[in-house]
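Since the structure comes first, as structure tokens, the remarks are kept for the end.
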Amino acid sequence: MTRLNQIPDYPSCINLIRGLVNVGQTGKATSVLQIMVMSGGTPDIITYNMLISGLCRKGLLNSAIDFLDYMSLSGCLPGVITYNTILRAMFDRGKYDLGIQFWKDQLRKGCPPYLITSTIFVELVCKRCGVIRAIEVMEDLAVEGCSPDLVTYNSMVNFAFKQGNFEDSAFLVYNLLVHGLEPNAVTYNTLLHSFSTYGCWDRVDEILSIMNETSHPPSVVTYNILINGLCKHGLLDRAIDFFTQMVLENCSPDIITYNTLLRALCKEAMVDEAVQVVHCLSDSSCSESPSIITYNIVIDGLAKHGYMEKAMGLYHQMEKHGTSPDDVTYRCLIWGFCRADLTEEAVELLKEMGNSRQRVRDNCYRFIIHRLCQNNNLDSAKQVLKMMISSYHKLKSTV
């Protein structure tokens with residue numbers, strides 16, 4: 001078309017550029033874009049971002065950087081996605097110093113990207129180069145007029161803790177305070193989550209004391225973090241103490257709180273207590289109602305400890321209260337019946353599951369067949385095998 005002095009229209013150029021990028025022809029896409037600009041057209045930012053992303057995927061980082069200037073000259077300013085694409089490509093290829101220098105150059109050119117881009121950039125440095133290097137970069141950004149915010153610090157504190165680096169985390173919090181920022185609920189909860197994960201309960205108590213003296217007292221999220229951490233470490237008594245404390249402080253537990261405690265109670269074989277909690281939740285005076293997850297946790301606990309009559313009682317209770325059992329509910333009950341050598345009950349429940357159009361997983365069928373064969377009940381085993389084949393054909397026909 002260009003050889004015949006026919007200039008393609010705007011939509012044709014855009015579609016052609018994007019299509020070429022999608023098939024990896026970034027060189028041809030670049031040529032089309034340049035022809036478009038020379039003909040007076042201005043590609044949109046989406047098209048530029050696609051082309052820059054394609055160049056980055058091929059490792060042509062210098063060409064991608066050159067396009068930033070080309071974008072501005074053509075009247076299309078780079079955006080958050082543009083900068084982030086180039087930065088991520090540099091860090092993915094291990095060119096950390098180049099990435100940091102690129103960022104500084106953009107700031108000095110008077111094109112400070114948005115704050116969220118700064119946060120992502122610092123996160124990249126933190127993950128690839130370590131916390132200390134990230135703090136140095138943050139100081140450089142502050143000098144260039146792009147000071148990190150609390151979101152950036154919280155992200156770095158979380159990363160440092162995930163690496164098990166308490167010293168760097170403490171240094172980050174100190175750095176945060178030095179720069180005049182005040183920790184918020186996210187900061188405190190991040191610290192509590194990390195300390196409870198590693199079982200540092202003295203530190204947990206210190207953070208809680210600090211929170212109670214600030215404008216960010218412990219919330220239901222805070223208590224859920226603590227109760228979950230204590231339960232994972234087998235400290236159920238202390239978890240119950242925190243549960244009592246949150247109620248006394250008028251901090252209403254949510255269903256996550258209850259599910260966490262119920263899972264711990266079942267793990268400690270305190271299934272009667274777990275059933276009582278579910279009954280209390282089912283009471284109309286309770287602010288929270290049992291979810292399907294709540295019922296499944298306790299039914300699974302009862303089934304694992306051989307209390308199949310109580311498990312079926314809870315199963316009927318959930319139906320009575322309008323909560324329909326799912327495949328997890330049935331699977332917990334079926335496995336419980338099989339463990340208790342109540343294979344006939346397991347087969348009946350399997351039929352009920354099929355009638356309710358719940359998908360039965362293959363391992364559930366196999367488990368029942370295995371138990372039936374162990375008990376020399378081959379006729380029932382063949383029946384279950386036929387059910388398995390029939391359900392497979394039904395599933396295949398719907399695909």
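In the structure tokens, chains take the letters A, B, ... in the order shown, each chain's residues start at 1, and ligands count up from 1 in the order shown.
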Could you list, as a list in words, every residue within 8 Å of Val173 (chain A), counting only C-alpha atoms and ignoring same-chain residues fewer than 3 positions away? Tyr153, Val157, Ser169, Ala170, Leu176 and Leu177 of chain A
Just N, CA and C atoms for this one: save the residues we selected as a PDB file, in the first residue's frame.
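Everything below was put into selection_28.pdb:
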```
ATOM      1  N   TYR A 153       6.610   0.346  52.404  1.00  0.00           N
ATOM      2  CA  TYR A 153       7.251  -0.204  53.600  1.00  0.00           C
ATOM      3  C   TYR A 153       6.567  -1.495  54.056  1.00  0.00           C
ATOM      4  N   VAL A 157       8.367  -5.068  54.564  1.00  0.00           N
ATOM      5  CA  VAL A 157       8.371  -5.742  55.871  1.00  0.00           C
ATOM      6  C   VAL A 157       7.841  -7.163  55.712  1.00  0.00           C
ATOM      7  N   SER A 169      13.671  -6.690  58.978  1.00  0.00           N
ATOM      8  CA  SER A 169      12.304  -6.227  59.242  1.00  0.00           C
ATOM      9  C   SER A 169      12.308  -5.124  60.285  1.00  0.00           C
ATOM     10  N   ALA A 170      13.088  -5.339  61.351  1.00  0.00           N
ATOM     11  CA  ALA A 170      13.178  -4.332  62.411  1.00  0.00           C
ATOM     12  C   ALA A 170      13.789  -3.042  61.871  1.00  0.00           C
ATOM     13  N   LEU A 176      11.031   3.403  58.665  1.00  0.00           N
ATOM     14  CA  LEU A 176       9.683   3.938  58.467  1.00  0.00           C
ATOM     15  C   LEU A 176       9.407   5.078  59.450  1.00  0.00           C
ATOM     16  N   LEU A 177       9.749   4.849  60.713  1.00  0.00           N
ATOM     17  CA  LEU A 177       9.511   5.856  61.755  1.00  0.00           C
ATOM     18  C   LEU A 177      10.400   7.079  61.555  1.00  0.00           C
TER      19      LEU A 177
END
```
Could you list, as a PyMOL selection string, every residue within 10 Å of Pro290 (chain A), counting only C-alpha atoms and ignoring same-chain residues fewer than 6 positions away? chain A and resi 255+258-259+277-283+296+318+321+323
List the neighbours of Tyr48 (chain A) out to 12 Å using only C-alpha atoms; skip same-chain residues closer than 3 positions along the sequence, and give me the result as a ChimeraX atom specification. /A:14,17-18,21,26,29-30,32-34,37,42-45,51-55,64-72,74-79,81-83,85
Mind dumping the selected residues with C-alpha atoms as a PDB file, in the first residue's frame?
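Below you can see again-v2.pdb, which holds the result:
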```
ATOM      1  CA  ILE A  14      -3.269  -0.552  14.866  1.00  0.00           C
ATOM      2  CA  ILE A  17       0.893  -3.737  14.640  1.00  0.00           C
ATOM      3  CA  ARG A  18      -0.884  -5.729  17.356  1.00  0.00           C
ATOM      4  CA  VAL A  21       3.470  -8.386  17.943  1.00  0.00           C
ATOM      5  CA  THR A  26       8.359  -7.072  16.529  1.00  0.00           C
ATOM      6  CA  ALA A  29       5.573  -4.132  13.880  1.00  0.00           C
ATOM      7  CA  THR A  30       8.135  -1.407  14.603  1.00  0.00           C
ATOM      8  CA  VAL A  32       4.587  -0.250  10.574  1.00  0.00           C
ATOM      9  CA  LEU A  33       4.407   1.964  13.656  1.00  0.00           C
ATOM     10  CA  GLN A  34       7.119   4.287  12.322  1.00  0.00           C
ATOM     11  CA  VAL A  37       3.760   8.139  12.869  1.00  0.00           C
ATOM     12  CA  THR A  42      -0.562   8.656  16.676  1.00  0.00           C
ATOM     13  CA  PRO A  43      -0.638   5.092  18.017  1.00  0.00           C
ATOM     14  CA  ASP A  44      -2.460   4.714  21.323  1.00  0.00           C
ATOM     15  CA  ILE A  45      -0.732   3.713  24.561  1.00  0.00           C
ATOM     16  CA  LEU A  51       5.122  -3.461  21.189  1.00  0.00           C
ATOM     17  CA  ILE A  52       7.380  -2.646  24.148  1.00  0.00           C
ATOM     18  CA  SER A  53       6.248  -5.854  25.870  1.00  0.00           C
ATOM     19  CA  GLY A  54       7.074  -7.816  22.724  1.00  0.00           C
ATOM     20  CA  LEU A  55      10.552  -6.261  22.553  1.00  0.00           C
ATOM     21  CA  ALA A  64      12.244  -0.940  24.385  1.00  0.00           C
ATOM     22  CA  ILE A  65      13.903   1.980  26.200  1.00  0.00           C
ATOM     23  CA  ASP A  66      14.336   3.875  22.916  1.00  0.00           C
ATOM     24  CA  PHE A  67      10.597   3.601  22.336  1.00  0.00           C
ATOM     25  CA  LEU A  68       9.921   5.584  25.512  1.00  0.00           C
ATOM     26  CA  ASP A  69      11.404   8.689  23.866  1.00  0.00           C
ATOM     27  CA  TYR A  70       9.679   7.822  20.590  1.00  0.00           C
ATOM     28  CA  MET A  71       6.345   7.615  22.423  1.00  0.00           C
ATOM     29  CA  SER A  72       6.737  11.083  23.906  1.00  0.00           C
ATOM     30  CA  SER A  74       4.718  11.107  18.877  1.00  0.00           C
ATOM     31  CA  GLY A  75       2.437  12.659  21.488  1.00  0.00           C
ATOM     32  CA  CYS A  76       1.729   9.526  23.548  1.00  0.00           C
ATOM     33  CA  LEU A  77       3.215   9.704  27.051  1.00  0.00           C
ATOM     34  CA  PRO A  78       4.383   6.460  28.718  1.00  0.00           C
ATOM     35  CA  GLY A  79       2.175   5.197  31.549  1.00  0.00           C
ATOM     36  CA  ILE A  81       2.199  -0.248  32.560  1.00  0.00           C
ATOM     37  CA  THR A  82       4.907   0.974  30.173  1.00  0.00           C
ATOM     38  CA  TYR A  83       7.461   1.568  32.934  1.00  0.00           C
ATOM     39  CA  THR A  85       6.913  -3.753  31.734  1.00  0.00           C
TER      40      THR A  85
END
```
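Excluding Leu314 (chain A) itself and same-chain residues fewer than 3 positions from it, the residues having an atom within 9 Å of it are A:Val275, A:Val278, A:Tyr295, A:Val298, A:Ile299, A:Glu309, A:Lys310, A:Ala311, A:Gln317, A:Met318, A:Glu319, counting only C-alpha atoms.
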Which residues come within 12 Å of region 343-360 of chain A, counting only C-alpha atoms, excluding same-chain residues fewer than 4 positions away, as a VMD selection string? chain A and resid 308 to 309 312 315 324 to 339 364 to 392 394 to 395
Selection from above, C-alpha atoms, as a PDB file, in the first residue's frame, can you write it?
```
ATOM      1  CA  MET A 308     -20.407 -41.568  62.263  1.00  0.00           C
ATOM      2  CA  GLU A 309     -23.774 -41.289  64.005  1.00  0.00           C
ATOM      3  CA  MET A 312     -24.790 -37.962  60.090  1.00  0.00           C
ATOM      4  CA  TYR A 315     -25.324 -33.700  58.092  1.00  0.00           C
ATOM      5  CA  SER A 324     -26.859 -28.027  50.917  1.00  0.00           C
ATOM      6  CA  PRO A 325     -24.029 -30.568  51.259  1.00  0.00           C
ATOM      7  CA  ASP A 326     -21.319 -30.434  48.608  1.00  0.00           C
ATOM      8  CA  ASP A 327     -18.926 -33.076  47.292  1.00  0.00           C
ATOM      9  CA  VAL A 328     -16.560 -32.463  50.229  1.00  0.00           C
ATOM     10  CA  THR A 329     -19.359 -33.245  52.710  1.00  0.00           C
ATOM     11  CA  TYR A 330     -20.211 -36.507  50.979  1.00  0.00           C
ATOM     12  CA  ARG A 331     -16.574 -37.489  50.592  1.00  0.00           C
ATOM     13  CA  CYS A 332     -15.875 -36.979  54.320  1.00  0.00           C
ATOM     14  CA  LEU A 333     -18.887 -39.128  55.253  1.00  0.00           C
ATOM     15  CA  ILE A 334     -18.152 -41.860  52.698  1.00  0.00           C
ATOM     16  CA  TRP A 335     -14.540 -42.171  53.798  1.00  0.00           C
ATOM     17  CA  GLY A 336     -15.670 -42.229  57.429  1.00  0.00           C
ATOM     18  CA  PHE A 337     -18.127 -45.055  56.744  1.00  0.00           C
ATOM     19  CA  CYS A 338     -15.459 -47.020  54.883  1.00  0.00           C
ATOM     20  CA  ARG A 339     -12.941 -46.620  57.712  1.00  0.00           C
ATOM     21  CA  CYS A 364     -13.893 -41.850  46.254  1.00  0.00           C
ATOM     22  CA  TYR A 365     -15.125 -44.673  44.019  1.00  0.00           C
ATOM     23  CA  ARG A 366     -11.800 -46.495  44.299  1.00  0.00           C
ATOM     24  CA  PHE A 367     -11.771 -46.223  48.085  1.00  0.00           C
ATOM     25  CA  ILE A 368     -15.242 -47.799  48.388  1.00  0.00           C
ATOM     26  CA  ILE A 369     -14.407 -50.550  45.858  1.00  0.00           C
ATOM     27  CA  HIS A 370     -11.187 -51.329  47.748  1.00  0.00           C
ATOM     28  CA  ARG A 371     -13.062 -51.642  51.059  1.00  0.00           C
ATOM     29  CA  LEU A 372     -15.791 -53.801  49.516  1.00  0.00           C
ATOM     30  CA  CYS A 373     -13.195 -56.136  48.020  1.00  0.00           C
ATOM     31  CA  GLN A 374     -11.410 -56.385  51.376  1.00  0.00           C
ATOM     32  CA  ASN A 375     -14.727 -57.497  52.891  1.00  0.00           C
ATOM     33  CA  ASN A 376     -15.295 -59.991  50.029  1.00  0.00           C
ATOM     34  CA  ASN A 377     -18.413 -58.060  48.999  1.00  0.00           C
ATOM     35  CA  LEU A 378     -17.696 -58.426  45.297  1.00  0.00           C
ATOM     36  CA  ASP A 379     -21.271 -57.920  44.079  1.00  0.00           C
ATOM     37  CA  SER A 380     -21.449 -54.466  45.675  1.00  0.00           C
ATOM     38  CA  ALA A 381     -17.945 -53.698  44.368  1.00  0.00           C
ATOM     39  CA  LYS A 382     -19.118 -54.486  40.811  1.00  0.00           C
ATOM     40  CA  GLN A 383     -22.178 -52.288  41.369  1.00  0.00           C
ATOM     41  CA  VAL A 384     -20.005 -49.344  42.441  1.00  0.00           C
ATOM     42  CA  LEU A 385     -17.699 -49.943  39.471  1.00  0.00           C
ATOM     43  CA  LYS A 386     -20.704 -49.727  37.120  1.00  0.00           C
ATOM     44  CA  MET A 387     -21.748 -46.467  38.822  1.00  0.00           C
ATOM     45  CA  MET A 388     -18.222 -45.134  38.282  1.00  0.00           C
ATOM     46  CA  ILE A 389     -18.230 -46.031  34.567  1.00  0.00           C
ATOM     47  CA  SER A 390     -21.742 -44.610  34.126  1.00  0.00           C
ATOM     48  CA  SER A 391     -20.802 -41.298  35.770  1.00  0.00           C
ATOM     49  CA  TYR A 392     -17.677 -41.110  33.596  1.00  0.00           C
ATOM     50  CA  LYS A 394     -22.250 -38.854  31.631  1.00  0.00           C
ATOM     51  CA  LEU A 395     -19.410 -36.435  32.363  1.00  0.00           C
TER      52      LEU A 395
END
```
By how many Å are CA of Ile100 (chain A) and CA of Leu191 (chain A) apart? 28.3 Å
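Of the listed residues A:Phe166, A:Tyr307, A:Trp103, A:Phe121, the one whose atoms come nearest to Phe195 (chain A) is A:Phe166, with distances taken using only C-alpha atoms.
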So which one's closest to Gly180 (chain A), A:Leu150, A:Val247, A:Ile240, A:Cys126? Using only C-alpha atoms, please. A:Leu150
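When only C-alpha atoms are used to measure the gap to Cys266 (chain A), the shortest distance among A:Leu302, A:Val220, A:Val23, A:Val151 belongs to A:Leu302.
Taking CA of Gly130 (chain A) and CA of Leu172 (chain A) as the two end points, the separation is 12.1 Å.
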Can you tell me, as a PyMOL selection string, what residues are no more than 10 Å from Gly229 (chain A) when counting only C-alpha atoms, ignoring any on the same chain fewer than 6 positions away? chain A and resi 192-199+201+223+235-236+239+260
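Distances to His305 (chain A) were evaluated for A:Glu136, A:Glu144, A:Glu288, A:Asp272 using only C-alpha atoms, and the minimum falls at A:Asp272.
Atom to atom, CA of Leu262 (chain A) and CA of Ile297 (chain A) stand 7.0 Å apart.
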Based on the backbone DSSP call, show me all residues of region 60-146 of chain A assigned helix (DSSP H, G or I), as an MDAnalysis selection string. chainID A and resid 61:73 80:92 96:108 115:129 131:143
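Closest approach to Asp105 (chain A) among A:Gly41, A:Arg128, A:Leu141, A:Leu61 is made by A:Leu141 (distances from only C-alpha atoms).
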